[in-house]
Amino acid sequence: MDVSNILNNLNDAQRDAVTGALDNMLVLAGAGSGKTRVLVHRIAWLIQAEGLSPHQILAVTFTNKAAREMRGRIEELLGFTNRSMWVGTFHGLAHRLLKMHWREAKLNENFQILDADDQLRLVKRIAKQLDLDESHWPARQIVGFINAQKDEGRRAAHIDPGQGDMYQRTMVRVYTAYEEACERSGMVDFAELLLRAHELWLYHPELLQLYRQRFGHILVDEFQDTNTIQYAWLRVLAGDAVSITAVGDDDQSIYGWRGAKIENIQQFSRDFSDPKIVRLEQNYRSTSNILNAANAVIANNAGRLGKELWTEGMEGEKIDFYAGFNEQDEARFVVDQILRAVDDGMARSDIAILYRSNAQSRVMEEALIRSNVPYRIYGGQRFYDRLEIKNALAYMRLLVNRHDDAAIERVINTPVRGIGSKTIDTMREYARDHGCSLWHAGSAMVVNKLLPNRANSALEAFYDLIERLDGDTKELELAELADHVITVSGLIEHHRKEKGEKGQARIENLEELVSACKVYEPSNDEEERSVLADFLDNAALDAGEAQADEFEDSVQLMTLHSAKGLEFDTVFMVGVEEGLFPHKMSVSEPGRLEEERRLCYVGITRAMRKLYITMAESRRMHGSETYNTPSRFIKEIPTEYLTEIRMQAKVSRPVSFSRPSSPSAGFDDYDIPDTGISLGQRVYHSIFGEGVVINFEGQGKSARVQVNFDSEGSKWLVLAYAKLQAI
DNA sequence: ACTGTAGTGATTTTT
DNA sequence: TCACTACAGT
C-alpha cells in the first residue's frame, strides 16, 4: 500500500508519532508544532498501514470546532468520508452513548440537555425552595460546587453529610435536591453527561466489553485539559484492551479552574502501560525571537515535563513593548500600529488583539471605532444562548418532552399570558409535593380546578397552545415547525412590541433560527430519532458561533483563553500588568500563578511574525484608578528579544522642579518650569531602564516626562517631555 | 405587569 | 464604573 501521501512533509518526530505501533503513546506537542497534523495523519496511518477499519477509531476533542476540523482533514487526506468513525467531543460522545443506551443509563428516552443557563436557574429555584438566603448562598457558587463534584465523579450520595461543616452540608442538600429535580424532569447537565457515561462502564460490564472489542485505538486531543471524570472514562474504556494516543502540551494547560487536571498527562505514563513518548518541539509558526521569549517565560514554571521549542525560521523582529500612561493611550497605540500595518497592505484578519479579561475589550473597541477599523469580537453570547432563541427552543423542547421543567419555566408566561408568579409557585409546590413534573402539576390543577378562575383559564390556554402546536407540526419539516412555533407561540409578536432596535434584532435572530433549521442535517444516528430532538440536542451541545461570519476583513479581538489553538501574523497582547495579568486573584497561589504564566505562553506563541506587548500604567477599573507596574512575565523575557517603544521627546532641555512628597499618590498643581505644563491630579511613575517615567494629565493636557532624581532626592530633574493630545 | 431604584459585585468559560 | 438583579410601587 502506498502511504507516501501520509508520510510526506512530516519531520522526524512527527513521522515517529504518526507511524508509532498500535500501542499507547503520549505525544507532547508544543505550540505550533503540527499537533493536529500528527493526529490526522496518525488516523490515516492506522487505517491504511495498520489495517484498522474507520469503525475501530475513536477520536476525542474538547470543542466541536476541533472535531469538525479533524474530520474534515481526515477526509481530505484519505479522500473518503466515513461516518462509522467516532470523532467528537467528550460531551458529544457521552451524549451519543447515553442516547443509545438510555435504558442502561436509567434515563428516559427523550432526556434533554440542561445548559449552563438552565442549570443556574434551576439551582436558584431549588435554593429558594430550601429557604437559602441568596446573598449567603450565591447560586453561582452552588452550581460551581455541584459541577466540581460531578467532575470528580462524586454524586450527592457519595458525600457523607455527617462529615463536614455547615457549608458542605448545605451544598450537599442542594445537590441532592438538584439531582432529584433533574431526574424528575429528565434533564441532564453537561457534567452529568460525562458522569453517566462513566457509570455506564461501571455498571454495565457487558457494554464496556462491547466497546472494548469495537475500538482498536483511541486518540485524544488536548489531553492536558481532561478532568478527572474524562480521564477515568478513557481509562476504564481502554483497560488493557485498547491502546491510546494522547496528544497534549502541559505548558498550554489553562483550564485548571474548570477542573482540568494537568497531572493527567503525567498520570498517563503510570496508568497506561509503557507508552511511547514523542516530543514535537520544532515550531513552524513563530520567529525565533518570539519563540525564545516564550521559552524564557515558561521556563519559570516548576515541574514541567520539559520541552523546548525551536525553529529553523528567521530571527524576525523584536517584540515591541509599549507602556501607555493609561488604557486610552494604550488603545491609541494599538490602533495606530494597526492602521500603519493595514496601510502597508496587511489583512486585518491577520491581526489579533488578545486580552486577559473581557472587560478590556471595550476601550479597544472604542478606539477601533473612532478610527473606522472593522473588528470582530470572539466569545460573548453565542447564537443558541440568546434569550429569544432559548425561548423558541424551549417551546420546541416542550414538543419533545412535556416534563422539561426548565422549558416550562422559561416560556409558560413568555409572551405574557396572565400566568403570574403566584400560579407558577402553586404549580411548583404541587410538583414538589407529588414528585411530578410541572407539566403534570399544571394539568392536575386544571383538571381539579385548584386555581382561581382567571389563572385556571390562562393555564388552560397555555396547555391548549402547546397541544395545538404539537398537533399542527406533526407532519412538518423542521424549518416549517420552527416557523410555526415562533409565530403561533406569539414570540414574534412579543418582540415586535418591544421598543428600540432590540426587538427587531431579536426577530431577525428568530428568523435566523428558521434558516438554521432549514440547513440542518441530522446526524445519521444508528437508530431512528426525531429530527427535532436531534436538532435540540445539537443546539445544546454546540452553541454555535457568537456572530455570523462577516465577510468584511476585520481585526480579531478575544481573550487569551479563546485564542488557544489559533495563530495570527501580528498579535497585540494588551493589559500585561501586575494585577491584571497575572490576575490579582491568581497571584497568591503558586499553582494558579503558573497557570497564568502558561496563559502568557499561549498568548506569545499565537504570534507568527510580530508581537506587541502593551500595558497601561494607570487604568480605570470598577470606577477607580489603579496604578500598575509591568507584569512579572514581561520581566521574564530577556531584554535581547524586546524593544521598548517610548514617546519621543520634543524638548530635551533639563529643567527641574520640586519633588512631591508622595510620588505615587496624586498630587496637585506642580508647574514644570519652562514647559507650560502643570501637573494635574494624577501622577504615576514606573521604573524602566535609566530613569523614572512620570505621566501627567491635567488642565486638558497630558504629558509624559522622563525624569531623574537629583542627588539630594528632593528635586526631580526633567530630562525631556512630550506633549500628547488633549484628553 | 411594567418601571424605577437601590444594592451588589466584578477572571478565564471548550461543553 | 457599569451592568445586572431584586423588589417596591404604580
# chains A, B, ... in the order shown; residues from 1 in each chain; ligands from 1
call {"tool": "closest_atom_pairs", "arguments": {"of": "chain C", "to": "chain A", "cutoff": "12 Å", "atoms": "only C-alpha atoms (C1' of nucleotides)", "output": "CSV"}}
result
residue,atom,partner,partner_atom,distance
C:DT1,C1',A:Gly623,CA,4.0
C:DC2,C1',A:His622,CA,7.6
C:DA3,C1',A:His622,CA,11.1
C:DT5,C1',A:Glu134,CA,11.3
C:DA6,C1',A:Glu134,CA,10.6
call {"tool": "write_last_selection", "arguments": {"atoms": "all heavy atoms", "output": "compact mmCIF listing (two decimals), in the first residue's frame"}}
result
# COMPACT_ATOMS: atom_id res chain seq x y z
P DT C 1 -17.84 57.06 38.06
OP1 DT C 1 -17.85 58.38 37.37
OP2 DT C 1 -19.13 56.60 38.60
O5' DT C 1 -17.52 56.05 36.92
C5' DT C 1 -16.37 55.42 36.53
C4' DT C 1 -16.83 54.28 35.65
O4' DT C 1 -16.71 53.04 36.38
C3' DT C 1 -18.28 54.36 35.20
O3' DT C 1 -18.33 53.86 33.89
C2' DT C 1 -19.02 53.46 36.16
C1' DT C 1 -17.97 52.43 36.51
N1 DT C 1 -18.05 51.93 37.91
C2 DT C 1 -17.97 50.59 38.17
O2 DT C 1 -17.85 49.75 37.29
N3 DT C 1 -18.03 50.25 39.50
C4 DT C 1 -18.16 51.12 40.57
O4 DT C 1 -18.19 50.71 41.72
C5 DT C 1 -18.23 52.51 40.22
C7 DT C 1 -18.35 53.54 41.30
C6 DT C 1 -18.17 52.86 38.93
P DC C 2 -19.57 54.10 32.94
OP1 DC C 2 -19.00 54.76 31.76
OP2 DC C 2 -20.72 54.70 33.67
O5' DC C 2 -19.98 52.62 32.54
C5' DC C 2 -19.09 51.51 32.74
C4' DC C 2 -19.92 50.28 33.08
O4' DC C 2 -19.91 50.03 34.50
C3' DC C 2 -21.39 50.39 32.69
O3' DC C 2 -21.79 49.13 32.23
C2' DC C 2 -22.06 50.72 34.02
C1' DC C 2 -21.23 49.81 34.92
N1 DC C 2 -21.32 50.08 36.38
C2 DC C 2 -21.06 49.03 37.27
O2 DC C 2 -20.77 47.92 36.81
N3 DC C 2 -21.13 49.26 38.59
C4 DC C 2 -21.44 50.47 39.05
N4 DC C 2 -21.49 50.64 40.36
C5 DC C 2 -21.72 51.56 38.17
C6 DC C 2 -21.65 51.33 36.85
P DA C 3 -22.67 49.04 30.93
OP1 DA C 3 -21.77 49.27 29.78
OP2 DA C 3 -23.90 49.84 31.09
O5' DA C 3 -23.07 47.50 30.94
C5' DA C 3 -22.22 46.55 31.56
C4' DA C 3 -23.03 45.69 32.52
O4' DA C 3 -23.04 46.28 33.84
C3' DA C 3 -24.51 45.54 32.13
O3' DA C 3 -24.85 44.18 32.31
C2' DA C 3 -25.24 46.42 33.13
C1' DA C 3 -24.35 46.22 34.35
N9 DA C 3 -24.49 47.25 35.38
C8 DA C 3 -24.75 48.58 35.21
N7 DA C 3 -24.79 49.25 36.33
C5 DA C 3 -24.55 48.30 37.31
C6 DA C 3 -24.47 48.36 38.71
N6 DA C 3 -24.63 49.49 39.40
N1 DA C 3 -24.22 47.22 39.38
C2 DA C 3 -24.06 46.09 38.69
N3 DA C 3 -24.11 45.90 37.37
C4 DA C 3 -24.36 47.06 36.74
P DT C 5 -29.28 39.44 35.48
OP1 DT C 5 -29.05 38.00 35.41
OP2 DT C 5 -30.20 40.12 34.55
O5' DT C 5 -29.74 39.81 36.95
C5' DT C 5 -28.93 39.41 38.05
C4' DT C 5 -29.62 39.86 39.32
O4' DT C 5 -29.55 41.30 39.40
C3' DT C 5 -31.11 39.48 39.36
O3' DT C 5 -31.29 38.53 40.39
C2' DT C 5 -31.84 40.80 39.61
C1' DT C 5 -30.74 41.79 39.94
N1 DT C 5 -30.93 43.13 39.33
C2 DT C 5 -30.86 44.25 40.13
O2 DT C 5 -30.68 44.19 41.33
N3 DT C 5 -31.01 45.43 39.49
C4 DT C 5 -31.24 45.63 38.12
O4 DT C 5 -31.35 46.74 37.65
C5 DT C 5 -31.30 44.42 37.34
C7 DT C 5 -31.53 44.50 35.86
C6 DT C 5 -31.14 43.24 37.97
P DA C 6 -32.64 38.00 40.86
OP1 DA C 6 -32.36 36.70 41.49
OP2 DA C 6 -33.59 38.11 39.74
O5' DA C 6 -33.11 39.03 41.99
C5' DA C 6 -32.26 39.34 43.08
C4' DA C 6 -32.99 40.31 43.96
O4' DA C 6 -33.01 41.61 43.30
C3' DA C 6 -34.45 39.96 44.24
O3' DA C 6 -34.73 40.27 45.60
C2' DA C 6 -35.24 40.84 43.28
C1' DA C 6 -34.35 42.07 43.19
N9 DA C 6 -34.44 42.79 41.92
C8 DA C 6 -34.57 42.26 40.66
N7 DA C 6 -34.60 43.15 39.70
C5 DA C 6 -34.47 44.37 40.37
C6 DA C 6 -34.42 45.70 39.92
N6 DA C 6 -34.50 46.04 38.62
N1 DA C 6 -34.28 46.67 40.84
C2 DA C 6 -34.19 46.32 42.13
N3 DA C 6 -34.22 45.10 42.68
C4 DA C 6 -34.36 44.16 41.73
call {"tool": "interface_residues", "arguments": {"of": "chain A", "to": "chain B", "cutoff": "9 Å", "atoms": "only C-alpha atoms (C1' of nucleotides)", "output": "PDB file with N, CA and C atoms, in the first residue's frame"}}
result
ATOM      1  N   PHE A  62     -12.033  18.513  22.514  1.00  0.00           N
ATOM      2  CA  PHE A  62     -12.776  19.292  23.509  1.00  0.00           C
ATOM      3  C   PHE A  62     -13.826  20.181  22.879  1.00  0.00           C
ATOM      4  N   THR A  63     -13.541  20.664  21.694  1.00  0.00           N
ATOM      5  CA  THR A  63     -14.503  21.575  21.083  1.00  0.00           C
ATOM      6  C   THR A  63     -15.074  20.962  19.811  1.00  0.00           C
ATOM      7  N   ASN A  64     -16.274  21.387  19.513  1.00  0.00           N
ATOM      8  CA  ASN A  64     -16.904  20.944  18.274  1.00  0.00           C
ATOM      9  C   ASN A  64     -16.094  21.388  17.070  1.00  0.00           C
ATOM     10  N   THR A  89     -16.558  15.478  20.569  1.00  0.00           N
ATOM     11  CA  THR A  89     -16.135  15.992  21.865  1.00  0.00           C
ATOM     12  C   THR A  89     -16.476  14.970  22.941  1.00  0.00           C
ATOM     13  N   PHE A  90     -15.846  15.105  24.081  1.00  0.00           N
ATOM     14  CA  PHE A  90     -16.186  14.236  25.205  1.00  0.00           C
ATOM     15  C   PHE A  90     -17.695  14.252  25.445  1.00  0.00           C
ATOM     16  N   HIS A  91     -18.243  15.469  25.472  1.00  0.00           N
ATOM     17  CA  HIS A  91     -19.664  15.583  25.770  1.00  0.00           C
ATOM     18  C   HIS A  91     -20.526  15.004  24.651  1.00  0.00           C
ATOM     19  N   GLY A  92     -20.117  15.269  23.432  1.00  0.00           N
ATOM     20  CA  GLY A  92     -20.869  14.767  22.290  1.00  0.00           C
ATOM     21  C   GLY A  92     -20.896  13.243  22.269  1.00  0.00           C
ATOM     22  N   ASP A 115     -28.489  23.270  29.723  1.00  0.00           N
ATOM     23  CA  ASP A 115     -27.268  24.046  29.521  1.00  0.00           C
ATOM     24  C   ASP A 115     -26.957  24.898  30.750  1.00  0.00           C
ATOM     25  N   PHE A 190     -24.280  19.219  31.613  1.00  0.00           N
ATOM     26  CA  PHE A 190     -23.056  18.859  30.900  1.00  0.00           C
ATOM     27  C   PHE A 190     -22.196  17.865  31.681  1.00  0.00           C
ATOM     28  N   ALA A 191     -21.985  18.171  32.960  1.00  0.00           N
ATOM     29  CA  ALA A 191     -21.140  17.294  33.762  1.00  0.00           C
ATOM     30  C   ALA A 191     -21.790  15.921  33.922  1.00  0.00           C
ATOM     31  N   ILE A 254      -4.635  25.610  30.548  1.00  0.00           N
ATOM     32  CA  ILE A 254      -5.133  26.881  31.079  1.00  0.00           C
ATOM     33  C   ILE A 254      -6.554  26.764  31.604  1.00  0.00           C
ATOM     34  N   TYR A 255      -7.024  25.533  31.780  1.00  0.00           N
ATOM     35  CA  TYR A 255      -8.392  25.371  32.268  1.00  0.00           C
ATOM     36  C   TYR A 255      -8.466  24.639  33.601  1.00  0.00           C
ATOM     37  N   TRP A 257      -8.970  25.854  36.395  1.00  0.00           N
ATOM     38  CA  TRP A 257     -10.078  26.400  37.173  1.00  0.00           C
ATOM     39  C   TRP A 257     -11.405  25.787  36.765  1.00  0.00           C
ATOM     40  N   ARG A 258     -11.393  25.062  35.665  1.00  0.00           N
ATOM     41  CA  ARG A 258     -12.629  24.382  35.263  1.00  0.00           C
ATOM     42  C   ARG A 258     -12.532  22.887  35.528  1.00  0.00           C
ATOM     43  N   ARG A 356      -6.659  39.662  28.768  1.00  0.00           N
ATOM     44  CA  ARG A 356      -6.896  38.706  29.835  1.00  0.00           C
ATOM     45  C   ARG A 356      -8.378  38.588  30.183  1.00  0.00           C
ATOM     46  N   SER A 357      -9.049  39.723  30.247  1.00  0.00           N
ATOM     47  CA  SER A 357     -10.454  39.660  30.636  1.00  0.00           C
ATOM     48  C   SER A 357     -11.334  40.466  29.677  1.00  0.00           C
ATOM     49  N   ASN A 358     -12.539  40.022  29.549  1.00  0.00           N
ATOM     50  CA  ASN A 358     -13.445  40.607  28.562  1.00  0.00           C
ATOM     51  C   ASN A 358     -13.661  42.103  28.730  1.00  0.00           C
ATOM     52  N   VAL A 416     -46.284  37.193  27.743  1.00  0.00           N
ATOM     53  CA  VAL A 416     -47.170  37.194  28.905  1.00  0.00           C
ATOM     54  C   VAL A 416     -48.572  36.740  28.511  1.00  0.00           C
ATOM     55  N   GLY A 418     -50.821  36.013  31.336  1.00  0.00           N
ATOM     56  CA  GLY A 418     -51.578  36.063  32.575  1.00  0.00           C
ATOM     57  C   GLY A 418     -51.317  34.930  33.542  1.00  0.00           C
ATOM     58  N   GLY A 420     -49.128  34.365  36.330  1.00  0.00           N
ATOM     59  CA  GLY A 420     -48.199  35.119  37.165  1.00  0.00           C
ATOM     60  C   GLY A 420     -47.390  34.239  38.084  1.00  0.00           C
ATOM     61  N   ALA A 540     -27.892  22.369  22.022  1.00  0.00           N
ATOM     62  CA  ALA A 540     -27.388  22.440  23.390  1.00  0.00           C
ATOM     63  C   ALA A 540     -25.903  22.119  23.451  1.00  0.00           C
ATOM     64  N   LEU A 541     -25.482  21.176  22.637  1.00  0.00           N
ATOM     65  CA  LEU A 541     -24.091  20.725  22.707  1.00  0.00           C
ATOM     66  C   LEU A 541     -23.148  21.595  21.891  1.00  0.00           C
ATOM     67  N   ASP A 542     -23.678  22.291  20.927  1.00  0.00           N
ATOM     68  CA  ASP A 542     -22.834  23.105  20.064  1.00  0.00           C
ATOM     69  C   ASP A 542     -23.533  24.449  19.887  1.00  0.00           C
ATOM     70  N   THR A 559     -10.267  36.927  24.201  1.00  0.00           N
ATOM     71  CA  THR A 559      -9.491  36.677  25.405  1.00  0.00           C
ATOM     72  C   THR A 559      -8.355  35.725  25.060  1.00  0.00           C
ATOM     73  N   LEU A 560      -7.358  35.698  25.925  1.00  0.00           N
ATOM     74  CA  LEU A 560      -6.240  34.780  25.722  1.00  0.00           C
ATOM     75  C   LEU A 560      -6.738  33.341  25.715  1.00  0.00           C
ATOM     76  N   HIS A 561      -7.727  33.058  26.555  1.00  0.00           N
ATOM     77  CA  HIS A 561      -8.247  31.690  26.585  1.00  0.00           C
ATOM     78  C   HIS A 561      -8.822  31.272  25.237  1.00  0.00           C
ATOM     79  N   SER A 562      -9.618  32.165  24.658  1.00  0.00           N
ATOM     80  CA  SER A 562     -10.232  31.729  23.401  1.00  0.00           C
ATOM     81  C   SER A 562      -9.259  31.765  22.231  1.00  0.00           C
ATOM     82  N   LEU A 580      -3.555  42.416  36.705  1.00  0.00           N
ATOM     83  CA  LEU A 580      -4.489  42.084  35.640  1.00  0.00           C
ATOM     84  C   LEU A 580      -4.014  40.817  34.926  1.00  0.00           C
ATOM     85  N   HIS A 583      -3.546  37.887  36.923  1.00  0.00           N
ATOM     86  CA  HIS A 583      -4.679  38.473  37.602  1.00  0.00           C
ATOM     87  C   HIS A 583      -4.465  38.426  39.112  1.00  0.00           C
ATOM     88  N   MET A 585      -6.321  37.757  41.443  1.00  0.00           N
ATOM     89  CA  MET A 585      -6.932  36.640  42.141  1.00  0.00           C
ATOM     90  C   MET A 585      -6.093  35.367  42.023  1.00  0.00           C
ATOM     91  N   SER A 586      -5.069  35.434  41.203  1.00  0.00           N
ATOM     92  CA  SER A 586      -4.293  34.224  40.958  1.00  0.00           C
ATOM     93  C   SER A 586      -2.887  34.275  41.531  1.00  0.00           C
ATOM     94  N   HIS A 622     -13.431  49.260  37.557  1.00  0.00           N
ATOM     95  CA  HIS A 622     -14.534  49.310  38.517  1.00  0.00           C
ATOM     96  C   HIS A 622     -14.648  50.695  39.111  1.00  0.00           C
TER      97      HIS A 622
END
call {"tool": "select_by_dssp", "arguments": {"residues": "stretch 337-465 of chain A", "states": "strand (DSSP E or B)", "output": "ChimeraX atom specification"}}
result
/A:351-355,375-377
call {"tool": "atom_distance", "arguments": {"atom1": "atom CA of A:Met396", "atom2": "atom CA of A:Ser515"}}
result
15.4 Å
call {"tool": "residues_around", "arguments": {"residues": "stretch 281-294 of chain A", "least_positions_apart": "4", "cutoff": "7 Å", "atoms": "only C-alpha atoms (C1' of nucleotides)", "output": "list in words"}}
result
Ala29, Gly30, Ala31, Gly32, Ser33, Ile298, Lys307, Glu308, Leu309, Trp310, Thr311, Gly313, Met314, Glu315, Gly316, Lys318, Ile319, Tyr601, Ile604, Thr605, Ala607, Met608, Arg609, Ile637, Pro638 and Tyr641 of chain A
call {"tool": "atom_distance", "arguments": {"atom1": "atom CA of A:Glu152", "atom2": "atom CA of A:Arg196"}}
result
12.4 Å
call {"tool": "select_by_dssp", "arguments": {"residues": "stretch 334-380 of chain A", "states": "alpha helix (DSSP H)", "output": "PyMOL selection string"}}
result
chain A and resi 334-343+361-370
call {"tool": "residues_around", "arguments": {"residues": "A:Gln14", "least_positions_apart": "5", "cutoff": "8 Å", "atoms": "only C-alpha atoms (C1' of nucleotides)", "output": "MDAnalysis selection string"}}
result
chainID A and resid 34 38 280
call {"tool": "write_last_selection", "arguments": {"atoms": "all heavy atoms", "output": "PDB file, in the first residue's frame"}}
result
ATOM      1  N   GLY A  34       2.539  21.337  14.889  1.00  0.00           N
ATOM      2  CA  GLY A  34       1.843  20.462  13.958  1.00  0.00           C
ATOM      3  C   GLY A  34       1.086  19.337  14.638  1.00  0.00           C
ATOM      4  O   GLY A  34       1.016  18.213  14.135  1.00  0.00           O
ATOM      5  N   VAL A  38      -0.401  15.759  13.110  1.00  0.00           N
ATOM      6  CA  VAL A  38       0.036  14.443  13.553  1.00  0.00           C
ATOM      7  C   VAL A  38      -1.161  13.551  13.858  1.00  0.00           C
ATOM      8  O   VAL A  38      -1.219  12.386  13.455  1.00  0.00           O
ATOM      9  CB  VAL A  38       0.957  14.574  14.789  1.00  0.00           C
ATOM     10  CG1 VAL A  38       1.057  13.252  15.533  1.00  0.00           C
ATOM     11  CG2 VAL A  38       2.330  15.061  14.365  1.00  0.00           C
ATOM     12  N   LEU A 280       7.173  16.800  20.150  1.00  0.00           N
ATOM     13  CA  LEU A 280       7.211  17.636  18.948  1.00  0.00           C
ATOM     14  C   LEU A 280       7.669  19.013  19.391  1.00  0.00           C
ATOM     15  O   LEU A 280       6.936  19.745  20.057  1.00  0.00           O
ATOM     16  CB  LEU A 280       5.824  17.730  18.315  1.00  0.00           C
ATOM     17  CG  LEU A 280       5.142  16.419  17.953  1.00  0.00           C
ATOM     18  CD1 LEU A 280       3.765  16.693  17.342  1.00  0.00           C
ATOM     19  CD2 LEU A 280       5.986  15.610  16.978  1.00  0.00           C
TER      20      LEU A 280
END
